[in-house]
Each structure stands twice: as structure tokens, then as C-alpha cells.
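First up is the structure itself, then whatever we jot down about it.
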Amino acid sequence: MKKPIVASLTAIACAMSAVSCNGNDNEKSSSEEKDEPKTNYSQYMKDYARTEFNDSLDLSDFDFQSNDIPADFALTLEAEEGTLSGETEIPSISLEGYSGNGYVFMKQSEGDSLTFSAQIETAGNYDLIFNTASSGGQKYNNVSVNGNKVGDVYTQDGTFSLSTVKQVYLEKGKNDIMITPSWGWIYIDNVKIVPASGISEDTYKVSSELVNPNAGIPAKQLMKFMSDVYGKYIISGQYASEGVSSAEIEKIEKQSGKKPAILGLDLIEYSPSRVEHDSSSQAIEHAIDWYYNYGGIVTFCWHWNAPSKYLINTSAQPWYKGFYKEATTINLDDIMNGKDNEGYDLLMSDIDAIAVQLKRLDDAGVPVLWRPLHEASGGWFWWGNCSAESYKKLWNAVYDKLTNEHKLTNLIWVWNGQNKDWYPGDETVDMIGEDLYPGEKVYSSQSSKFMEVTEYTDTKKIIAMSENGCLFDPELAIRDGSLWSWFCVWNGEFVVDKFRQLNGIYNEKEMWSKVYQHERVLTLDELPDLRKYKID
Ligand code: CA
């Protein structure tokens with residue numbers, strides 16, 4: 001999530017039972033016995049509170065709906081014949097490569113839109129191929145269908161070229177396909193509508209092998225479970241910084257009767273430059289509690305506050321916004337290309353500090369869906385304010401240090417760079433995550449983005465919606481064949497108000513019930529005992 005995060009966490013009394021404190025004590029004693037193989041987790045199991053598990057999860061193959069659209073169907077709609085609003089206009093002709101009588105120019109004013117009206121005979125999933133040019137440079141702009149955002153039209157440069165928004169469901173009858181400005185400043189010639197190439201069932205046949213050859217048993221068990229259910233179930237998740245007693249989890253449970261299967265946490269407050277400002281965190285304790293006492297799954301991101309040397313630290317750019325590029329002077333290109341060796345050492349030292357925290361989880365036998373260096377290609381965080389190459393070097397350094405130097409065995413590597421060009425490679429990535437914030441109360445399946453992610457690499461990887469602002473409707477995900485492995489709604493305003501009540505802004509109350517009670521969405525109570533999950 002790229003929204004500001006308030007620095008000072010409310011001091012959270014250790015709301016957990018003595019159990020997780022025992023966990024800490026055990027962690028200390030086990031780390032003293034350095035040569036002990038970390039295969040005996042029974043020391044934690046004695047305090048394990050949960051006794052009821054789901055032993056009968058139906059893992060039979062899922063029936064995907066077939067596409068009934070005639071294979072030769074094609075419909076081209078000219079932009080200049082569409083409905084224009086705001087300052088969107090038909091300009092005088094200055095570009096080549098258009099069809100029909102011209103094209104439309106869209107700037108970036110409030111209320112600008114272009115709507116194509118598509119009359120469709122057969123409901124189903126289609127690909128929308130747009131012919132656009134920009135007034136200069138690449139642009140992304142919003143595409144919505146019948147009022148819901150379905151994807152972005154990408155425009156390469158000042159020459160007309162095609163870009164496809166894939167796997168978009170169109171109803172029988174009239175469909176409004178609308179473009180509104182995000183970056184704006186594009187010429188739109190037409191849209192061609194063809195049957196979607198579709199998401200094949202093979203998409204979900206993934207290997208459960210982890211990239212770290214020395215991965216531990218708990219990580220293997222979790223990965224095996226997640227690959228077994230991939231394409232059959234969607235695993236629910238929720239970011240909640242106070243663990244099980246967070247308002248988000250309490251109120252979701254009050255509404256739906258269920259808790260999420262995945263607890264999302266952030267290592268932000270363990271960043272050394274925040275610790276220097278007396279930040280503290282219970283995130284590790286919450287994770288241990290969630291795994292051992294509730295039988296849940298944990299995911300961690302890390303809003304990496306840059307080393308103090310690079311913090312601007314003014315009232316406009318305070319130290320606690322030090323994960324944003326604007327609040328730092330850090331130049332990752334310089335650091336990764338040997339022009340700032342001190343900076344390199346500082347970053348490596350920060351990774352060492354984070355390794356200490358992750359090691360606590362490893363020693364406790366808690367596997368982690370580990371998602372560092374997220375949303376990089378968006379460019380709003382300092383680790384994305386650089387070339388893709390520098391980012392990949394940093395990713396590899398994080399992977400190498402945690403895996404080979406610190407020998408962590410509990411990490412499942414979730415890459416969330418959000419752009420194919422930033423993909424570091426199959427050798428260091430177990431899963432691919434996308435963070436999606438489509439607006440308010442937009443419950444579409446985001447199948448177009450899912451399709452795009454399947455093309456990041458030829459190797460089949462588990463695809464997750466690693467952060468989301470809006471829940472997606474599982475019925476639509478099934479209809480569109482885009483079964484995200486898991487989702488994890490961001491915390492705070494996406495769920496609750498300041499009075500700790502569901503606020504209904506991004507997600508209506510009924511949606512929490514619909515999603516959490518859906519037979520194809522796994523909630524906490526529906527998980528098997530992951531610590532006993534068969535790897536073979
Ligand atoms: Ca045209």
C-alpha cells in the first residue's frame with residue numbers, strides 16, 4: 001500500500017496470552033543451541049490452542065466454464081463514433097494509422113471520458129484491443145465496463161499501436177466500455193472486441209517446490225497446501241497490525257462469522273532508522289500467535305524505512321515516511337552500481353537487522369509468505385525509484401543474504417514488482433503478487449490483470465492478489481476463470497473507521513459476508529492443520 005503510514009504505533013499491550021511469550025522464551029533458548037537442527041517444533045505445539053481442523057477439504061478438479069463465443073467473432077467500434085464527455089474531443093487529423101473517420105483526444109480533466117457502446121450476442125470473456133497513441137511517452141488510462149474498472153489501456157508513445165485488455169466479461173446486450181484518464185493525454189482510435197484467448201487450467205498446475213533448496217519443513221508444508229488448493233479455492237487474508245485482536249479481524253468476524261486464513265503484517269517498525277526513533281513492534285509475536293494458536297498463515301511485507309543518512313526528515317518529509325522516494329535522498333542506481341559503497345553497506349546492514357526478526361519466526365517454525373520490495377515499478381517507494389536492473393540487484397541481494405548468509409528456511413518468496421520488466425527470475429520467486437486498488441466497491445475479478453501476470457514468466461507460479469482495497473466477488477472470479485490464490489485486504493480505512501466499525505467505503509458489509517462465507521473461499525476455520533500437512 002502506498003498510502004502514508006502513521007509513525008507511532010499505538011502502544012499495544014501484549015494482548016496475547018502467555019503462549020506467545022513462551023514462544024519468545026523458547027526462541028531464545030533454541031538460538032543458543034546453534035548446532036541443533038531446527039526440526040523439532042514440538043516445544044511450541046504444547047501450547048497450541050486450536051484443536052479443530054478441516055480434514056476433509058475437497059480437492060477434486062474444478063469445473064471451468066467454457067467460452068461459447070463463436071471463434072471468428074470480431075467487432076470494431078470507432079472512438080469518434082463513441083460518446084464523449086468533459087473536454088474529450090475529436091481533434092483535427094495530425095496522426096497516421098487510424099481507422100474510420102478519425103480519433104478522439106483525451107486530456108486529463110475531471111469528467112473526461114469516452115464510451116464505446118458494444119452490442120454483444122453471446123455473454124462471455126472477450127479481449128479488448130485498443131488502438132491508441134499518446135501526446136508523448138507511455139501512458140496508462142482506466143478501462144471500465146458497465147461501471148467497473150477492468151484494467152488499464154497502455155499507450156506506448158506518439159504513434160498509434162495496439163494494446164489489449166484481456167479476459168473481460170461482456171454481458172449479452174449492450175455494454176458500456178469506458179476510458180477515463182489516469183495519466184491522460186492519449187489519442188484513441190478504436191477498440192476491437194474478440195473472444196478471449198482464455199485462462200487455461202494448466203495455469204493452476206504449479207510446482208510445490210520452493211526456490212530455496214534448503215527450505216524447512218513448515219515452509220514446504222505451507223507451499224504444498226497452497227499449490228494443492230490453487231485453482232480450487234481462494235484463500236482469504238487481511239492486513240491487521242494488531243494481530244488477532246485487530247479491529248479489522250474482530251469486525252469482519254462479527255459481520256461474517258469468520259476470520260481470515262491469512263494475517264498480513266509489516267516489518268516496517270523493525271527498520272533500523274525507525275528503531276532509532278524508538279519505534280517498536282509486536283508483529284513477530286502476532287505472527288507466532290496466529291500460526292500456533294489459531295492455525296493460520298502469515299504474510300509479511302516490509303515498508304523499508306531508508307537508512308537515516310538518506311532521510312530528509314523535515315515537517316514536509318518526516319523520517320517516518322522514509323519508505324517513500326520523496327522523503328529520502330537515496331539513489332539506488334548509485335548504490336547498486338558501485339558509486340555509493342557506504343549506501344550499499346547501510347542497506348546490507350538493514351537487511352541483517354530484518355533477518356534477525358525473520359530468524360525469530362524461523363526458529364519458532366513459522367513459515368512466512370515473504371513479500372519484500374513491493375510495488376517497485378510504481379516508482380513511489382525508494383526501492384522502485386531506479387532502473388529495473390538496480391531493483392533486481394537489490395532483490396537478489398535480499399534473497400542471497402537471507403537465504404545463503406542468514407540461512408533462513410521459512411520464507412516463501414512473493415515477488416510483487418508489478419511489471420514484467422522488473423521480474424528478477426524464476427530462481428528467486430515462489431509466487432507472484434499484484435496489489436490492486438481499483439476504486440471503491442469495485443468487486444470485479446481483475447481477470448485482465450491475472451492474465452497479464454500469467455505472462456510474466458513461462459514457468460507456472462502461484463498468482464496472488466497480495467494487497468487489495470476492494471474484495472473481489474468469488475462468483476466473478478470463477479466465471480472469469482481467474483482464481484487468485486489468495487487476497488489480503490489492506491488495513492485501516494479499507495475496512496474500519498476510527499471507531500473500529502466496518503465503514504462500508506471500499507467494501508460494503510454484505511460483501512464481507514458474501515466473500516468470507518463463499519464455499520470457494522477458505523477462511524481460518526477451513527484450514528487443515530498445516531503443521532501436519534503431508535509434503536509427499
Ligand atoms: Ca477511428
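As shown in the C-alpha cells, the chain order sets the letters A, B, ...; within each chain, residues go from 1, and ligands are also counted from 1 in the order they appear.
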query = Using only C-alpha atoms and all ligand atoms, what are the residues with an atom within 10 Å of ligand 1, set out as a list in words?
reply = Thr76, Leu77, Glu78, Ala79, Glu80, Glu81, Gly82, Ile90, Gly97, Tyr98, Ser99, Gly100, Asn101, Gly102, Tyr103, Val104, Asn131, Thr132, Tyr187, Ile188, Asp189, Asn190 and Val191 of chain A
task = Step one, run DSSP on the backbone; step two, keep only residues of stretch 154-271 of chain A assigned to helix (DSSP H, G or I); then write them as a ChimeraX atom specification.
result = /A:201-204,217-229,243-245,247-256,268-270
query = For A:Asn175, which residue among A:Gln138, A:Thr122, A:Ser117, A:Ser144 is the nearest when counting only C-alpha atoms?
reply =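 Checking each candidate against A:Asn175, we get A:Ser117 as the closest.
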key: Residues within 6 Å of A:Ser279, only C-alpha atoms, excluding chain neighbours under 4 positions, as a PyMOL selection string   = chain A and resi 269+274-275
Once you have the residues from the selection above, write them out as an mmCIF file, in the first residue's frame, restricted to C-alpha atoms.
data_model
loop_
_atom_site.group_PDB
_atom_site.id
_atom_site.type_symbol
_atom_site.label_atom_id
_atom_site.label_comp_id
_atom_site.auth_asym_id
_atom_site.auth_seq_id
_atom_site.Cartn_x
_atom_site.Cartn_y
_atom_site.Cartn_z
ATOM 1 C CA GLU A 269 8.787 -0.723 12.592
ATOM 2 C CA ARG A 274 12.674 3.744 12.839
ATOM 3 C CA VAL A 275 14.098 1.847 15.787
#
Counting only C-alpha atoms, the option among A:Val211, A:Ala219, A:Cys470, A:Ile234 closest to A:Asn148 =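 So, comparing all the options, the nearest one is A:Cys470.
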ask   = For A:Gly198, which residue among A:Trp319, A:Tyr399, A:Tyr126, A:Phe116 is the nearest when counting only C-alpha atoms?
value = A:Tyr126
request  = Excluding stretch 511-513 of chain A and any residue of its chain fewer than 6 positions from it, enumerate the residues within 10 Å of it, using only C-alpha atoms, and give them as a list in words.
outcome  =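 Everything that qualifies: Lys251, Ile252, Glu253, Lys254, Gln255, Ser256, Gly257, Lys258, Lys441, Tyr443, Cys470, Leu471, Phe472, Asp473, Val495, Leu502 and Gly504 of chain A.
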Would you put the residues from that selection into a file with all heavy atoms, as a short mmCIF file (atom, residue, chain, number, x, y, z; two decimals), in the first residue's frame?
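Result went into again.cif, see below:
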data_model
loop_
_atom_site.label_atom_id
_atom_site.label_comp_id
_atom_site.auth_asym_id
_atom_site.auth_seq_id
_atom_site.Cartn_x
_atom_site.Cartn_y
_atom_site.Cartn_z
N LYS A 251 -14.15 -7.15 13.47
CA LYS A 251 -15.38 -6.70 12.82
C LYS A 251 -15.73 -7.55 11.60
O LYS A 251 -16.91 -7.75 11.29
CB LYS A 251 -15.27 -5.22 12.45
CG LYS A 251 -15.26 -4.32 13.67
CD LYS A 251 -16.42 -4.67 14.60
CE LYS A 251 -16.54 -3.88 15.89
NZ LYS A 251 -15.35 -3.63 16.66
N ILE A 252 -14.73 -8.07 10.92
CA ILE A 252 -15.02 -9.00 9.82
C ILE A 252 -15.68 -10.25 10.39
O ILE A 252 -16.65 -10.77 9.85
CB ILE A 252 -13.73 -9.35 9.05
CG1 ILE A 252 -13.23 -8.13 8.26
CG2 ILE A 252 -13.96 -10.53 8.11
CD1 ILE A 252 -11.83 -8.29 7.67
N GLU A 253 -15.17 -10.71 11.51
CA GLU A 253 -15.75 -11.90 12.12
C GLU A 253 -17.16 -11.63 12.63
O GLU A 253 -18.06 -12.46 12.47
CB GLU A 253 -14.86 -12.40 13.27
CG GLU A 253 -15.40 -13.70 13.87
CD GLU A 253 -14.47 -14.32 14.90
OE1 GLU A 253 -13.68 -13.57 15.50
OE2 GLU A 253 -14.55 -15.54 15.09
N LYS A 254 -17.36 -10.46 13.19
CA LYS A 254 -18.69 -10.11 13.69
C LYS A 254 -19.70 -10.10 12.53
O LYS A 254 -20.84 -10.53 12.65
CB LYS A 254 -18.65 -8.74 14.37
CG LYS A 254 -19.92 -8.40 15.12
CD LYS A 254 -19.80 -7.08 15.84
CE LYS A 254 -21.14 -6.71 16.47
NZ LYS A 254 -21.18 -5.28 16.85
N GLN A 255 -19.25 -9.59 11.38
CA GLN A 255 -20.13 -9.49 10.21
C GLN A 255 -20.35 -10.84 9.54
O GLN A 255 -21.47 -11.18 9.16
CB GLN A 255 -19.52 -8.50 9.21
CG GLN A 255 -20.23 -8.41 7.87
CD GLN A 255 -21.61 -7.81 7.97
OE1 GLN A 255 -21.88 -6.98 8.85
NE2 GLN A 255 -22.51 -8.23 7.09
N SER A 256 -19.26 -11.60 9.36
CA SER A 256 -19.34 -12.80 8.51
C SER A 256 -19.32 -14.10 9.30
O SER A 256 -19.59 -15.16 8.75
CB SER A 256 -18.15 -12.80 7.53
OG SER A 256 -16.95 -13.07 8.23
N GLY A 257 -18.95 -14.00 10.57
CA GLY A 257 -18.82 -15.22 11.36
C GLY A 257 -17.49 -15.94 11.16
O GLY A 257 -17.31 -17.05 11.65
N LYS A 258 -16.56 -15.32 10.41
CA LYS A 258 -15.32 -16.00 10.05
C LYS A 258 -14.12 -15.08 10.24
O LYS A 258 -14.23 -13.86 10.13
CB LYS A 258 -15.37 -16.38 8.57
CG LYS A 258 -16.61 -17.16 8.18
CD LYS A 258 -16.26 -18.58 7.98
CE LYS A 258 -17.40 -19.36 7.34
NZ LYS A 258 -17.02 -20.77 7.21
N LYS A 441 -15.77 -0.07 -3.83
CA LYS A 441 -16.84 -1.04 -4.10
C LYS A 441 -16.75 -1.60 -5.51
O LYS A 441 -17.75 -1.77 -6.20
CB LYS A 441 -18.22 -0.40 -3.88
CG LYS A 441 -18.42 0.24 -2.51
CD LYS A 441 -19.81 0.85 -2.38
CE LYS A 441 -20.00 1.60 -1.09
NZ LYS A 441 -19.37 2.95 -1.10
N TYR A 443 -15.93 -4.84 -7.29
CA TYR A 443 -15.77 -6.24 -6.90
C TYR A 443 -15.44 -7.15 -8.08
O TYR A 443 -15.58 -8.36 -7.98
CB TYR A 443 -17.04 -6.73 -6.20
CG TYR A 443 -17.49 -5.84 -5.05
CD1 TYR A 443 -18.81 -5.38 -4.97
CD2 TYR A 443 -16.59 -5.46 -4.06
CE1 TYR A 443 -19.22 -4.57 -3.92
CE2 TYR A 443 -16.99 -4.64 -3.01
CZ TYR A 443 -18.31 -4.20 -2.95
OH TYR A 443 -18.71 -3.40 -1.92
N CYS A 470 -10.38 -3.35 -2.49
CA CYS A 470 -11.73 -3.92 -2.56
C CYS A 470 -11.64 -5.44 -2.58
O CYS A 470 -10.75 -6.01 -3.20
CB CYS A 470 -12.44 -3.48 -3.84
SG CYS A 470 -12.69 -1.71 -3.96
N LEU A 471 -12.57 -6.06 -1.91
CA LEU A 471 -12.75 -7.50 -2.07
C LEU A 471 -13.16 -7.75 -3.51
O LEU A 471 -13.76 -6.89 -4.15
CB LEU A 471 -13.87 -7.98 -1.15
CG LEU A 471 -13.59 -7.91 0.35
CD1 LEU A 471 -14.91 -7.97 1.12
CD2 LEU A 471 -12.68 -9.05 0.78
N PHE A 472 -12.85 -8.93 -4.04
CA PHE A 472 -13.44 -9.28 -5.33
C PHE A 472 -14.49 -10.37 -5.11
O PHE A 472 -14.41 -11.13 -4.14
CB PHE A 472 -12.38 -9.71 -6.35
CG PHE A 472 -11.56 -10.91 -5.99
CD1 PHE A 472 -12.00 -12.18 -6.32
CD2 PHE A 472 -10.35 -10.77 -5.32
CE1 PHE A 472 -11.24 -13.30 -5.99
CE2 PHE A 472 -9.59 -11.88 -4.99
CZ PHE A 472 -10.03 -13.14 -5.32
N ASP A 473 -15.46 -10.38 -6.00
CA ASP A 473 -16.57 -11.31 -5.87
C ASP A 473 -16.11 -12.69 -6.34
O ASP A 473 -15.74 -12.86 -7.51
CB ASP A 473 -17.74 -10.82 -6.73
CG ASP A 473 -18.99 -11.66 -6.54
OD1 ASP A 473 -18.86 -12.85 -6.17
OD2 ASP A 473 -20.09 -11.13 -6.78
N VAL A 495 -11.26 -1.08 5.68
CA VAL A 495 -12.13 -1.98 6.44
C VAL A 495 -12.95 -1.20 7.49
O VAL A 495 -14.17 -1.25 7.49
CB VAL A 495 -11.30 -3.08 7.16
CG1 VAL A 495 -12.22 -4.10 7.81
CG2 VAL A 495 -10.34 -3.76 6.18
N LEU A 502 -16.92 -1.44 10.82
CA LEU A 502 -16.86 -1.56 9.36
C LEU A 502 -17.39 -0.27 8.76
O LEU A 502 -18.48 0.19 9.12
CB LEU A 502 -17.70 -2.75 8.88
CG LEU A 502 -17.23 -4.15 9.27
CD1 LEU A 502 -18.18 -5.20 8.69
CD2 LEU A 502 -15.81 -4.42 8.79
N GLY A 504 -17.73 0.50 5.31
CA GLY A 504 -18.52 0.38 4.08
C GLY A 504 -18.06 1.26 2.93
O GLY A 504 -18.78 1.40 1.94
#
Shortest interatomic distance to A:Leu95 - which of A:Ile186, A:Ile129, A:Ala49, A:Gly469, counting only C-alpha atoms = A:Ile186
message = So, with only C-alpha atoms as the atoms that count, which of A:Met451, A:Ile262, A:Val398, A:Met106 lies closest to A:Trp183?
response = A:Met106
ask   = Near A:Ile249, within 12 Å and counting only C-alpha atoms, which residues show up once chain neighbours fewer than 6 positions away are dropped, as a VMD selection string?
value = chain A and resid 236 to 243 255 to 264 290 488 to 492 495 to 496 500 to 502 512 516 523 to 524
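Among the candidate residues A:Ala133, A:Ala123, A:Ile268, A:Val143, the one lying nearest to A:Gln156 is A:Ala133, with distances computed using only C-alpha atoms.
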